Amino acid sequence: MGRRESLEADVFQPLWAAGWQWLWIVAGALFLGVYLIVEFGDLLEGVGIIVGGSALAGVGIWYVDQQYEAVLDAGIEQAQTAVLDVVGADGDDSEVSSIPTEGRALLLVSPAREYELTTFVVAPDALVVHDDTTVSLAHRYVSVGDDRQRYEYAHLSSVAYEDGHLRVVLADGTAESFDVSSDPTSALSAVRERMAVTDDQN
């Protein structure tokens, strides 16, 4: 069964939230500031709220841009642990790697709101491809579903990356393809080594 859990990362939550909610902060500051100026003639306080809100939004954006790589790495590591559990693999004798694909973006913020992961588990007897994971930076959660494909090495003919797709060809000629944003070099190397060992044993 899939799972969803909080993304465990060391961030200063008020600034992290401000970076992702900066549009609302600026809009709220403008509304309140203009209201004070127009309705009460309080220029100093109105301008102060507008400037303060804009400054908070700017610092929040800067903070997210500085911290997101570490948060994304933590989310990927957390997701990989959950994927191993979902597919029933042992992390001690399996190689695990993930390829993140950017999801929705937010204006002026460098990272995407969330990332979709394709995770490759190179276990002793089979390659497992799991492409049912979301790491949300904006809302700080990791969601891992149940969908995965398992390919025993004895039934594999080839595995290759071509133009944004991982192509898996079975011994019977059946081919399957997975969209990935970059070449999963380490996973492919590990799979080919396992396939070679399996061929030698046969």
# chains A, B, ... in the order shown; residues from 1 in each chain; ligands from 1
>>> select_by_dssp(residues="range 68-196 of chain A", states="strand (DSSP E)", output="PyMOL selection string")
chain A and resi 95-102+114-122+126-136+141-144+148-152+156-162+165-170+175-179
>>> closest_atom_pairs(of="range 166-189 of chain A", to="range 94-117 of chain A", cutoff="9 Å", atoms="only C-alpha atoms", output="CSV")
residue,atom,partner,partner_atom,distance
A:Val180,CA,A:Ile99,CA,6.7
A:Ser181,CA,A:Thr101,CA,5.9
A:Ser182,CA,A:Ile99,CA,6.9
A:Asp183,CA,A:Ile99,CA,8.3
A:Pro184,CA,A:Ile99,CA,6.9
A:Ser186,CA,A:Ser97,CA,7.6
A:Ala187,CA,A:Ser97,CA,6.4
>>> select_by_dssp(residues="range 17-181 of chain A", states="alpha helix (DSSP H)", output="PDB file with N, CA, C and O atoms, in the first residue's frame")
ATOM      1  N   ALA A  17       7.853  29.047   4.086  1.00  0.00           N
ATOM      2  CA  ALA A  17       6.466  29.277   3.698  1.00  0.00           C
ATOM      3  C   ALA A  17       6.311  30.617   2.987  1.00  0.00           C
ATOM      4  O   ALA A  17       5.560  30.736   2.011  1.00  0.00           O
ATOM      5  N   ALA A  18       7.033  31.639   3.448  1.00  0.00           N
ATOM      6  CA  ALA A  18       6.943  32.956   2.824  1.00  0.00           C
ATOM      7  C   ALA A  18       7.407  32.910   1.371  1.00  0.00           C
ATOM      8  O   ALA A  18       6.836  33.584   0.505  1.00  0.00           O
ATOM      9  N   GLY A  19       8.454  32.132   1.109  1.00  0.00           N
ATOM     10  CA  GLY A  19       8.947  32.017  -0.253  1.00  0.00           C
ATOM     11  C   GLY A  19       7.925  31.415  -1.197  1.00  0.00           C
ATOM     12  O   GLY A  19       7.765  31.853  -2.344  1.00  0.00           O
ATOM     13  N   TRP A  20       7.206  30.391  -0.711  1.00  0.00           N
ATOM     14  CA  TRP A  20       6.216  29.729  -1.557  1.00  0.00           C
ATOM     15  C   TRP A  20       4.890  30.491  -1.613  1.00  0.00           C
ATOM     16  O   TRP A  20       4.091  30.289  -2.526  1.00  0.00           O
ATOM     17  N   TRP A  22       4.679  33.923  -1.559  1.00  0.00           N
ATOM     18  CA  TRP A  22       5.036  35.320  -1.700  1.00  0.00           C
ATOM     19  C   TRP A  22       3.972  36.140  -2.454  1.00  0.00           C
ATOM     20  O   TRP A  22       3.764  37.322  -2.139  1.00  0.00           O
ATOM     21  N   LEU A  23       3.293  35.544  -3.398  1.00  0.00           N
ATOM     22  CA  LEU A  23       2.260  36.279  -4.120  1.00  0.00           C
ATOM     23  C   LEU A  23       1.137  36.729  -3.188  1.00  0.00           C
ATOM     24  O   LEU A  23       0.657  37.873  -3.278  1.00  0.00           O
ATOM     25  N   TRP A  24       0.731  35.821  -2.298  1.00  0.00           N
ATOM     26  CA  TRP A  24      -0.330  36.160  -1.344  1.00  0.00           C
ATOM     27  C   TRP A  24       0.139  37.222  -0.347  1.00  0.00           C
ATOM     28  O   TRP A  24      -0.632  38.091   0.057  1.00  0.00           O
ATOM     29  N   ILE A  25       1.408  37.127   0.051  1.00  0.00           N
ATOM     30  CA  ILE A  25       1.951  38.105   1.001  1.00  0.00           C
ATOM     31  C   ILE A  25       1.970  39.500   0.381  1.00  0.00           C
ATOM     32  O   ILE A  25       1.544  40.486   0.998  1.00  0.00           O
ATOM     33  N   VAL A  26       2.457  39.588  -0.855  1.00  0.00           N
ATOM     34  CA  VAL A  26       2.514  40.884  -1.532  1.00  0.00           C
ATOM     35  C   VAL A  26       1.108  41.427  -1.779  1.00  0.00           C
ATOM     36  O   VAL A  26       0.830  42.618  -1.550  1.00  0.00           O
ATOM     37  N   ALA A  27       0.204  40.565  -2.231  1.00  0.00           N
ATOM     38  CA  ALA A  27      -1.167  41.006  -2.495  1.00  0.00           C
ATOM     39  C   ALA A  27      -1.842  41.497  -1.206  1.00  0.00           C
ATOM     40  O   ALA A  27      -2.520  42.527  -1.200  1.00  0.00           O
ATOM     41  N   GLY A  28      -1.637  40.750  -0.118  1.00  0.00           N
ATOM     42  CA  GLY A  28      -2.229  41.151   1.155  1.00  0.00           C
ATOM     43  C   GLY A  28      -1.659  42.458   1.672  1.00  0.00           C
ATOM     44  O   GLY A  28      -2.399  43.318   2.192  1.00  0.00           O
ATOM     45  N   ALA A  29      -0.340  42.628   1.533  1.00  0.00           N
ATOM     46  CA  ALA A  29       0.300  43.859   1.993  1.00  0.00           C
ATOM     47  C   ALA A  29      -0.178  45.060   1.178  1.00  0.00           C
ATOM     48  O   ALA A  29      -0.430  46.145   1.721  1.00  0.00           O
ATOM     49  N   LEU A  30      -0.300  44.867  -0.129  1.00  0.00           N
ATOM     50  CA  LEU A  30      -0.788  45.960  -0.979  1.00  0.00           C
ATOM     51  C   LEU A  30      -2.221  46.348  -0.614  1.00  0.00           C
ATOM     52  O   LEU A  30      -2.545  47.538  -0.509  1.00  0.00           O
ATOM     53  N   PHE A  31      -3.051  45.334  -0.433  1.00  0.00           N
ATOM     54  CA  PHE A  31      -4.453  45.613  -0.104  1.00  0.00           C
ATOM     55  C   PHE A  31      -4.566  46.371   1.211  1.00  0.00           C
ATOM     56  O   PHE A  31      -5.250  47.403   1.303  1.00  0.00           O
ATOM     57  N   LEU A  32      -3.885  45.858   2.251  1.00  0.00           N
ATOM     58  CA  LEU A  32      -3.977  46.489   3.562  1.00  0.00           C
ATOM     59  C   LEU A  32      -3.328  47.870   3.559  1.00  0.00           C
ATOM     60  O   LEU A  32      -3.867  48.834   4.141  1.00  0.00           O
ATOM     61  N   GLY A  33      -2.176  47.977   2.897  1.00  0.00           N
ATOM     62  CA  GLY A  33      -1.481  49.260   2.854  1.00  0.00           C
ATOM     63  C   GLY A  33      -2.293  50.331   2.145  1.00  0.00           C
ATOM     64  O   GLY A  33      -2.428  51.463   2.637  1.00  0.00           O
ATOM     65  N   VAL A  34      -2.841  50.014   0.985  1.00  0.00           N
ATOM     66  CA  VAL A  34      -3.655  50.972   0.229  1.00  0.00           C
ATOM     67  C   VAL A  34      -4.919  51.328   1.002  1.00  0.00           C
ATOM     68  O   VAL A  34      -5.356  52.488   1.018  1.00  0.00           O
ATOM     69  N   TYR A  35      -5.497  50.333   1.662  1.00  0.00           N
ATOM     70  CA  TYR A  35      -6.705  50.585   2.463  1.00  0.00           C
ATOM     71  C   TYR A  35      -6.421  51.608   3.564  1.00  0.00           C
ATOM     72  O   TYR A  35      -7.206  52.543   3.785  1.00  0.00           O
ATOM     73  N   LEU A  36      -5.303  51.436   4.272  1.00  0.00           N
ATOM     74  CA  LEU A  36      -4.960  52.375   5.351  1.00  0.00           C
ATOM     75  C   LEU A  36      -4.711  53.780   4.810  1.00  0.00           C
ATOM     76  O   LEU A  36      -5.095  54.778   5.435  1.00  0.00           O
ATOM     77  N   ILE A  37      -4.083  53.839   3.645  1.00  0.00           N
ATOM     78  CA  ILE A  37      -3.786  55.150   3.059  1.00  0.00           C
ATOM     79  C   ILE A  37      -5.057  55.837   2.585  1.00  0.00           C
ATOM     80  O   ILE A  37      -5.292  57.018   2.863  1.00  0.00           O
ATOM     81  N   VAL A  38      -5.890  55.106   1.867  1.00  0.00           N
ATOM     82  CA  VAL A  38      -7.100  55.698   1.271  1.00  0.00           C
ATOM     83  C   VAL A  38      -8.165  56.001   2.324  1.00  0.00           C
ATOM     84  O   VAL A  38      -8.768  57.080   2.332  1.00  0.00           O
ATOM     85  N   GLU A  39      -8.403  55.038   3.212  1.00  0.00           N
ATOM     86  CA  GLU A  39      -9.502  55.176   4.164  1.00  0.00           C
ATOM     87  C   GLU A  39      -9.148  56.059   5.368  1.00  0.00           C
ATOM     88  O   GLU A  39     -10.000  56.752   5.915  1.00  0.00           O
ATOM     89  N   PHE A  40      -7.885  55.969   5.801  1.00  0.00           N
ATOM     90  CA  PHE A  40      -7.514  56.683   7.029  1.00  0.00           C
ATOM     91  C   PHE A  40      -6.435  57.740   6.806  1.00  0.00           C
ATOM     92  O   PHE A  40      -6.045  58.440   7.744  1.00  0.00           O
ATOM     93  N   LEU A  43      -0.439  57.442   5.664  1.00  0.00           N
ATOM     94  CA  LEU A  43       0.551  57.173   4.635  1.00  0.00           C
ATOM     95  C   LEU A  43       1.728  56.369   5.175  1.00  0.00           C
ATOM     96  O   LEU A  43       2.175  55.398   4.556  1.00  0.00           O
ATOM     97  N   LEU A  44       2.232  56.778   6.343  1.00  0.00           N
ATOM     98  CA  LEU A  44       3.422  56.137   6.888  1.00  0.00           C
ATOM     99  C   LEU A  44       3.181  54.654   7.180  1.00  0.00           C
ATOM    100  O   LEU A  44       3.966  53.792   6.777  1.00  0.00           O
ATOM    101  N   GLU A  45       2.085  54.356   7.857  1.00  0.00           N
ATOM    102  CA  GLU A  45       1.813  52.958   8.199  1.00  0.00           C
ATOM    103  C   GLU A  45       1.460  52.145   6.958  1.00  0.00           C
ATOM    104  O   GLU A  45       1.881  50.994   6.820  1.00  0.00           O
ATOM    105  N   GLY A  46       0.722  52.745   6.039  1.00  0.00           N
ATOM    106  CA  GLY A  46       0.347  52.043   4.812  1.00  0.00           C
ATOM    107  C   GLY A  46       1.560  51.670   3.985  1.00  0.00           C
ATOM    108  O   GLY A  46       1.700  50.520   3.537  1.00  0.00           O
ATOM    109  N   VAL A  47       2.443  52.642   3.793  1.00  0.00           N
ATOM    110  CA  VAL A  47       3.667  52.372   3.020  1.00  0.00           C
ATOM    111  C   VAL A  47       4.553  51.367   3.752  1.00  0.00           C
ATOM    112  O   VAL A  47       5.167  50.488   3.147  1.00  0.00           O
ATOM    113  N   GLY A  48       4.584  51.475   5.079  1.00  0.00           N
ATOM    114  CA  GLY A  48       5.394  50.546   5.863  1.00  0.00           C
ATOM    115  C   GLY A  48       4.933  49.113   5.696  1.00  0.00           C
ATOM    116  O   GLY A  48       5.758  48.187   5.579  1.00  0.00           O
ATOM    117  N   ILE A  49       3.613  48.910   5.674  1.00  0.00           N
ATOM    118  CA  ILE A  49       3.085  47.545   5.490  1.00  0.00           C
ATOM    119  C   ILE A  49       3.412  47.033   4.093  1.00  0.00           C
ATOM    120  O   ILE A  49       3.807  45.864   3.922  1.00  0.00           O
ATOM    121  N   ILE A  50       3.281  47.880   3.087  1.00  0.00           N
ATOM    122  CA  ILE A  50       3.589  47.461   1.710  1.00  0.00           C
ATOM    123  C   ILE A  50       5.062  47.095   1.570  1.00  0.00           C
ATOM    124  O   ILE A  50       5.415  46.050   1.011  1.00  0.00           O
ATOM    125  N   VAL A  51       5.924  47.960   2.101  1.00  0.00           N
ATOM    126  CA  VAL A  51       7.365  47.695   2.009  1.00  0.00           C
ATOM    127  C   VAL A  51       7.743  46.463   2.826  1.00  0.00           C
ATOM    128  O   VAL A  51       8.520  45.609   2.381  1.00  0.00           O
ATOM    129  N   GLY A  52       7.176  46.351   4.029  1.00  0.00           N
ATOM    130  CA  GLY A  52       7.493  45.202   4.880  1.00  0.00           C
ATOM    131  C   GLY A  52       7.045  43.890   4.270  1.00  0.00           C
ATOM    132  O   GLY A  52       7.778  42.894   4.300  1.00  0.00           O
ATOM    133  N   GLY A  53       5.830  43.878   3.708  1.00  0.00           N
ATOM    134  CA  GLY A  53       5.342  42.661   3.064  1.00  0.00           C
ATOM    135  C   GLY A  53       6.188  42.275   1.866  1.00  0.00           C
ATOM    136  O   GLY A  53       6.517  41.098   1.666  1.00  0.00           O
ATOM    137  N   SER A  54       6.560  43.257   1.073  1.00  0.00           N
ATOM    138  CA  SER A  54       7.400  42.988  -0.101  1.00  0.00           C
ATOM    139  C   SER A  54       8.774  42.475   0.316  1.00  0.00           C
ATOM    140  O   SER A  54       9.341  41.567  -0.322  1.00  0.00           O
ATOM    141  N   ALA A  55       9.321  43.048   1.383  1.00  0.00           N
ATOM    142  CA  ALA A  55      10.626  42.603   1.876  1.00  0.00           C
ATOM    143  C   ALA A  55      10.558  41.162   2.373  1.00  0.00           C
ATOM    144  O   ALA A  55      11.453  40.351   2.099  1.00  0.00           O
ATOM    145  N   LEU A  56       9.500  40.827   3.111  1.00  0.00           N
ATOM    146  CA  LEU A  56       9.339  39.455   3.596  1.00  0.00           C
ATOM    147  C   LEU A  56       9.237  38.481   2.433  1.00  0.00           C
ATOM    148  O   LEU A  56       9.857  37.404   2.450  1.00  0.00           O
ATOM    149  N   ALA A  57       8.486  38.857   1.413  1.00  0.00           N
ATOM    150  CA  ALA A  57       8.354  38.000   0.237  1.00  0.00           C
ATOM    151  C   ALA A  57       9.707  37.798  -0.443  1.00  0.00           C
ATOM    152  O   ALA A  57      10.063  36.681  -0.831  1.00  0.00           O
ATOM    153  N   GLY A  58      10.475  38.876  -0.577  1.00  0.00           N
ATOM    154  CA  GLY A  58      11.780  38.783  -1.216  1.00  0.00           C
ATOM    155  C   GLY A  58      12.745  37.908  -0.442  1.00  0.00           C
ATOM    156  O   GLY A  58      13.467  37.086  -1.036  1.00  0.00           O
ATOM    157  N   VAL A  59      12.772  38.066   0.872  1.00  0.00           N
ATOM    158  CA  VAL A  59      13.648  37.239   1.697  1.00  0.00           C
ATOM    159  C   VAL A  59      13.210  35.771   1.630  1.00  0.00           C
ATOM    160  O   VAL A  59      14.031  34.858   1.582  1.00  0.00           O
ATOM    161  N   GLY A  60      11.888  35.551   1.596  1.00  0.00           N
ATOM    162  CA  GLY A  60      11.374  34.188   1.499  1.00  0.00           C
ATOM    163  C   GLY A  60      11.795  33.516   0.205  1.00  0.00           C
ATOM    164  O   GLY A  60      12.225  32.360   0.202  1.00  0.00           O
ATOM    165  N   ILE A  61      11.703  34.234  -0.916  1.00  0.00           N
ATOM    166  CA  ILE A  61      12.135  33.696  -2.204  1.00  0.00           C
ATOM    167  C   ILE A  61      13.615  33.367  -2.169  1.00  0.00           C
ATOM    168  O   ILE A  61      14.051  32.300  -2.623  1.00  0.00           O
ATOM    169  N   TRP A  62      14.414  34.280  -1.646  1.00  0.00           N
ATOM    170  CA  TRP A  62      15.862  34.054  -1.531  1.00  0.00           C
ATOM    171  C   TRP A  62      16.142  32.815  -0.684  1.00  0.00           C
ATOM    172  O   TRP A  62      16.994  31.984  -1.042  1.00  0.00           O
ATOM    173  N   TYR A  63      15.428  32.652   0.426  1.00  0.00           N
ATOM    174  CA  TYR A  63      15.657  31.518   1.324  1.00  0.00           C
ATOM    175  C   TYR A  63      15.330  30.195   0.630  1.00  0.00           C
ATOM    176  O   TYR A  63      16.096  29.226   0.724  1.00  0.00           O
ATOM    177  N   VAL A  64      14.207  30.149  -0.082  1.00  0.00           N
ATOM    178  CA  VAL A  64      13.837  28.926  -0.802  1.00  0.00           C
ATOM    179  C   VAL A  64      14.894  28.586  -1.845  1.00  0.00           C
ATOM    180  O   VAL A  64      15.307  27.425  -1.978  1.00  0.00           O
ATOM    181  N   ASP A  65      15.352  29.597  -2.591  1.00  0.00           N
ATOM    182  CA  ASP A  65      16.366  29.365  -3.618  1.00  0.00           C
ATOM    183  C   ASP A  65      17.682  28.849  -3.026  1.00  0.00           C
ATOM    184  O   ASP A  65      18.401  28.064  -3.660  1.00  0.00           O
ATOM    185  N   GLN A  66      18.004  29.280  -1.797  1.00  0.00           N
ATOM    186  CA  GLN A  66      19.236  28.842  -1.150  1.00  0.00           C
ATOM    187  C   GLN A  66      19.122  27.433  -0.576  1.00  0.00           C
ATOM    188  O   GLN A  66      20.113  26.707  -0.518  1.00  0.00           O
ATOM    189  N   GLN A  67      17.932  27.041  -0.152  1.00  0.00           N
ATOM    190  CA  GLN A  67      17.763  25.801   0.605  1.00  0.00           C
ATOM    191  C   GLN A  67      17.175  24.640  -0.185  1.00  0.00           C
ATOM    192  O   GLN A  67      17.235  23.498   0.269  1.00  0.00           O
ATOM    193  N   TYR A  68      16.617  24.896  -1.350  1.00  0.00           N
ATOM    194  CA  TYR A  68      15.796  23.856  -1.979  1.00  0.00           C
ATOM    195  C   TYR A  68      16.577  22.611  -2.389  1.00  0.00           C
ATOM    196  O   TYR A  68      16.036  21.495  -2.359  1.00  0.00           O
ATOM    197  N   GLU A  69      17.842  22.764  -2.772  1.00  0.00           N
ATOM    198  CA  GLU A  69      18.599  21.588  -3.204  1.00  0.00           C
ATOM    199  C   GLU A  69      18.753  20.587  -2.062  1.00  0.00           C
ATOM    200  O   GLU A  69      18.589  19.370  -2.257  1.00  0.00           O
ATOM    201  N   ALA A  70      19.058  21.090  -0.858  1.00  0.00           N
ATOM    202  CA  ALA A  70      19.193  20.208   0.294  1.00  0.00           C
ATOM    203  C   ALA A  70      17.847  19.574   0.657  1.00  0.00           C
ATOM    204  O   ALA A  70      17.779  18.394   1.022  1.00  0.00           O
ATOM    205  N   VAL A  71      16.771  20.349   0.528  1.00  0.00           N
ATOM    206  CA  VAL A  71      15.434  19.816   0.838  1.00  0.00           C
ATOM    207  C   VAL A  71      15.033  18.765  -0.187  1.00  0.00           C
ATOM    208  O   VAL A  71      14.495  17.704   0.164  1.00  0.00           O
ATOM    209  N   LEU A  72      15.307  19.014  -1.461  1.00  0.00           N
ATOM    210  CA  LEU A  72      14.986  18.034  -2.500  1.00  0.00           C
ATOM    211  C   LEU A  72      15.785  16.747  -2.303  1.00  0.00           C
ATOM    212  O   LEU A  72      15.242  15.643  -2.421  1.00  0.00           O
ATOM    213  N   ASP A  73      17.071  16.884  -1.976  1.00  0.00           N
ATOM    214  CA  ASP A  73      17.897  15.693  -1.726  1.00  0.00           C
ATOM    215  C   ASP A  73      17.345  14.881  -0.558  1.00  0.00           C
ATOM    216  O   ASP A  73      17.296  13.645  -0.608  1.00  0.00           O
ATOM    217  N   ALA A  74      16.918  15.580   0.499  1.00  0.00           N
ATOM    218  CA  ALA A  74      16.336  14.891   1.655  1.00  0.00           C
ATOM    219  C   ALA A  74      15.047  14.184   1.265  1.00  0.00           C
ATOM    220  O   ALA A  74      14.774  13.057   1.699  1.00  0.00           O
ATOM    221  N   GLY A  75      14.240  14.845   0.428  1.00  0.00           N
ATOM    222  CA  GLY A  75      12.999  14.236  -0.021  1.00  0.00           C
ATOM    223  C   GLY A  75      13.232  13.006  -0.878  1.00  0.00           C
ATOM    224  O   GLY A  75      12.526  11.999  -0.744  1.00  0.00           O
ATOM    225  N   ILE A  76      14.231  13.065  -1.764  1.00  0.00           N
ATOM    226  CA  ILE A  76      14.552  11.916  -2.614  1.00  0.00           C
ATOM    227  C   ILE A  76      15.042  10.750  -1.768  1.00  0.00           C
ATOM    228  O   ILE A  76      14.627   9.594  -1.972  1.00  0.00           O
ATOM    229  N   GLU A  77      15.910  11.038  -0.807  1.00  0.00           N
ATOM    230  CA  GLU A  77      16.406   9.974   0.070  1.00  0.00           C
ATOM    231  C   GLU A  77      15.266   9.340   0.870  1.00  0.00           C
ATOM    232  O   GLU A  77      15.196   8.112   1.017  1.00  0.00           O
ATOM    233  N   GLN A  78      14.368  10.179   1.370  1.00  0.00           N
ATOM    234  CA  GLN A  78      13.223   9.672   2.127  1.00  0.00           C
ATOM    235  C   GLN A  78      12.314   8.834   1.227  1.00  0.00           C
ATOM    236  O   GLN A  78      11.808   7.778   1.630  1.00  0.00           O
ATOM    237  N   ALA A  79      12.113   9.299  -0.006  1.00  0.00           N
ATOM    238  CA  ALA A  79      11.277   8.566  -0.950  1.00  0.00           C
ATOM    239  C   ALA A  79      11.892   7.220  -1.301  1.00  0.00           C
ATOM    240  O   ALA A  79      11.180   6.215  -1.411  1.00  0.00           O
ATOM    241  N   GLN A  80      13.204   7.181  -1.474  1.00  0.00           N
ATOM    242  CA  GLN A  80      13.861   5.930  -1.827  1.00  0.00           C
ATOM    243  C   GLN A  80      13.695   4.881  -0.731  1.00  0.00           C
ATOM    244  O   GLN A  80      13.481   3.691  -1.014  1.00  0.00           O
ATOM    245  N   THR A  81      13.773   5.313   0.517  1.00  0.00           N
ATOM    246  CA  THR A  81      13.558   4.396   1.632  1.00  0.00           C
ATOM    247  C   THR A  81      12.145   3.820   1.583  1.00  0.00           C
ATOM    248  O   THR A  81      11.938   2.610   1.787  1.00  0.00           O
ATOM    249  N   ALA A  82      11.168   4.681   1.290  1.00  0.00           N
ATOM    250  CA  ALA A  82       9.783   4.226   1.203  1.00  0.00           C
ATOM    251  C   ALA A  82       9.572   3.305   0.002  1.00  0.00           C
ATOM    252  O   ALA A  82       8.840   2.310   0.087  1.00  0.00           O
ATOM    253  N   VAL A  83      10.219   3.617  -1.121  1.00  0.00           N
ATOM    254  CA  VAL A  83      10.097   2.775  -2.315  1.00  0.00           C
ATOM    255  C   VAL A  83      10.633   1.374  -2.041  1.00  0.00           C
ATOM    256  O   VAL A  83      10.023   0.371  -2.438  1.00  0.00           O
ATOM    257  N   LEU A  84      11.778   1.285  -1.369  1.00  0.00           N
ATOM    258  CA  LEU A  84      12.330  -0.032  -1.025  1.00  0.00           C
ATOM    259  C   LEU A  84      11.329  -0.849  -0.220  1.00  0.00           C
ATOM    260  O   LEU A  84      11.172  -2.056  -0.438  1.00  0.00           O
ATOM    261  N   ASP A  85      10.642  -0.191   0.683  1.00  0.00           N
ATOM    262  CA  ASP A  85       9.642  -0.872   1.495  1.00  0.00           C
ATOM    263  C   ASP A  85       8.453  -1.313   0.638  1.00  0.00           C
ATOM    264  O   ASP A  85       7.961  -2.434   0.769  1.00  0.00           O
ATOM    265  N   VAL A  86       8.006  -0.429  -0.256  1.00  0.00           N
ATOM    266  CA  VAL A  86       6.856  -0.733  -1.106  1.00  0.00           C
ATOM    267  C   VAL A  86       7.142  -1.908  -2.043  1.00  0.00           C
ATOM    268  O   VAL A  86       6.282  -2.780  -2.236  1.00  0.00           O
ATOM    269  N   VAL A  87       8.344  -1.946  -2.622  1.00  0.00           N
ATOM    270  CA  VAL A  87       8.657  -3.013  -3.580  1.00  0.00           C
ATOM    271  C   VAL A  87       9.221  -4.256  -2.903  1.00  0.00           C
ATOM    272  O   VAL A  87       9.470  -5.270  -3.565  1.00  0.00           O
TER     273      VAL A  87
END
>>> atom_distance(atom1="CA of Ser177 in chain A", atom2="CA of Glu5 in chain A")
28.9 Å
>>> atom_distance(atom1="CA of Leu7 in chain A", atom2="CA of Leu188 in chain A")
28.1 Å
>>> decode(residues="range 34-49 of chain A", atoms="N, CA, C and O atoms", output="mmCIF file, in the first residue's frame")
data_model
loop_
_atom_site.group_PDB
_atom_site.id
_atom_site.type_symbol
_atom_site.label_atom_id
_atom_site.label_comp_id
_atom_site.auth_asym_id
_atom_site.auth_seq_id
_atom_site.Cartn_x
_atom_site.Cartn_y
_atom_site.Cartn_z
ATOM 1 N N VAL A 34 -2.841 50.014 0.985
ATOM 2 C CA VAL A 34 -3.655 50.972 0.229
ATOM 3 C C VAL A 34 -4.919 51.328 1.002
ATOM 4 O O VAL A 34 -5.356 52.488 1.018
ATOM 5 N N TYR A 35 -5.497 50.333 1.662
ATOM 6 C CA TYR A 35 -6.705 50.585 2.463
ATOM 7 C C TYR A 35 -6.421 51.608 3.564
ATOM 8 O O TYR A 35 -7.206 52.543 3.785
ATOM 9 N N LEU A 36 -5.303 51.436 4.272
ATOM 10 C CA LEU A 36 -4.960 52.375 5.351
ATOM 11 C C LEU A 36 -4.711 53.780 4.810
ATOM 12 O O LEU A 36 -5.095 54.778 5.435
ATOM 13 N N ILE A 37 -4.083 53.839 3.645
ATOM 14 C CA ILE A 37 -3.786 55.150 3.059
ATOM 15 C C ILE A 37 -5.057 55.837 2.585
ATOM 16 O O ILE A 37 -5.292 57.018 2.863
ATOM 17 N N VAL A 38 -5.890 55.106 1.867
ATOM 18 C CA VAL A 38 -7.100 55.698 1.271
ATOM 19 C C VAL A 38 -8.165 56.001 2.324
ATOM 20 O O VAL A 38 -8.768 57.080 2.332
ATOM 21 N N GLU A 39 -8.403 55.038 3.212
ATOM 22 C CA GLU A 39 -9.502 55.176 4.164
ATOM 23 C C GLU A 39 -9.148 56.059 5.368
ATOM 24 O O GLU A 39 -10.000 56.752 5.915
ATOM 25 N N PHE A 40 -7.885 55.969 5.801
ATOM 26 C CA PHE A 40 -7.514 56.683 7.029
ATOM 27 C C PHE A 40 -6.435 57.740 6.806
ATOM 28 O O PHE A 40 -6.045 58.440 7.744
ATOM 29 N N GLY A 41 -5.926 57.828 5.594
ATOM 30 C CA GLY A 41 -4.886 58.810 5.317
ATOM 31 C C GLY A 41 -3.590 58.524 6.036
ATOM 32 O O GLY A 41 -2.764 59.426 6.227
ATOM 33 N N ASP A 42 -3.406 57.271 6.455
ATOM 34 C CA ASP A 42 -2.202 56.898 7.209
ATOM 35 C C ASP A 42 -1.117 56.456 6.236
ATOM 36 O O ASP A 42 -0.907 55.269 5.990
ATOM 37 N N LEU A 43 -0.439 57.442 5.664
ATOM 38 C CA LEU A 43 0.551 57.173 4.635
ATOM 39 C C LEU A 43 1.728 56.369 5.175
ATOM 40 O O LEU A 43 2.175 55.398 4.556
ATOM 41 N N LEU A 44 2.232 56.778 6.343
ATOM 42 C CA LEU A 44 3.422 56.137 6.888
ATOM 43 C C LEU A 44 3.181 54.654 7.180
ATOM 44 O O LEU A 44 3.966 53.792 6.777
ATOM 45 N N GLU A 45 2.085 54.356 7.857
ATOM 46 C CA GLU A 45 1.813 52.958 8.199
ATOM 47 C C GLU A 45 1.460 52.145 6.958
ATOM 48 O O GLU A 45 1.881 50.994 6.820
ATOM 49 N N GLY A 46 0.722 52.745 6.039
ATOM 50 C CA GLY A 46 0.347 52.043 4.812
ATOM 51 C C GLY A 46 1.560 51.670 3.985
ATOM 52 O O GLY A 46 1.700 50.520 3.537
ATOM 53 N N VAL A 47 2.443 52.642 3.793
ATOM 54 C CA VAL A 47 3.667 52.372 3.020
ATOM 55 C C VAL A 47 4.553 51.367 3.752
ATOM 56 O O VAL A 47 5.167 50.488 3.147
ATOM 57 N N GLY A 48 4.584 51.475 5.079
ATOM 58 C CA GLY A 48 5.394 50.546 5.863
ATOM 59 C C GLY A 48 4.933 49.113 5.696
ATOM 60 O O GLY A 48 5.758 48.187 5.579
ATOM 61 N N ILE A 49 3.613 48.910 5.674
ATOM 62 C CA ILE A 49 3.085 47.545 5.490
ATOM 63 C C ILE A 49 3.412 47.033 4.093
ATOM 64 O O ILE A 49 3.807 45.864 3.922
#
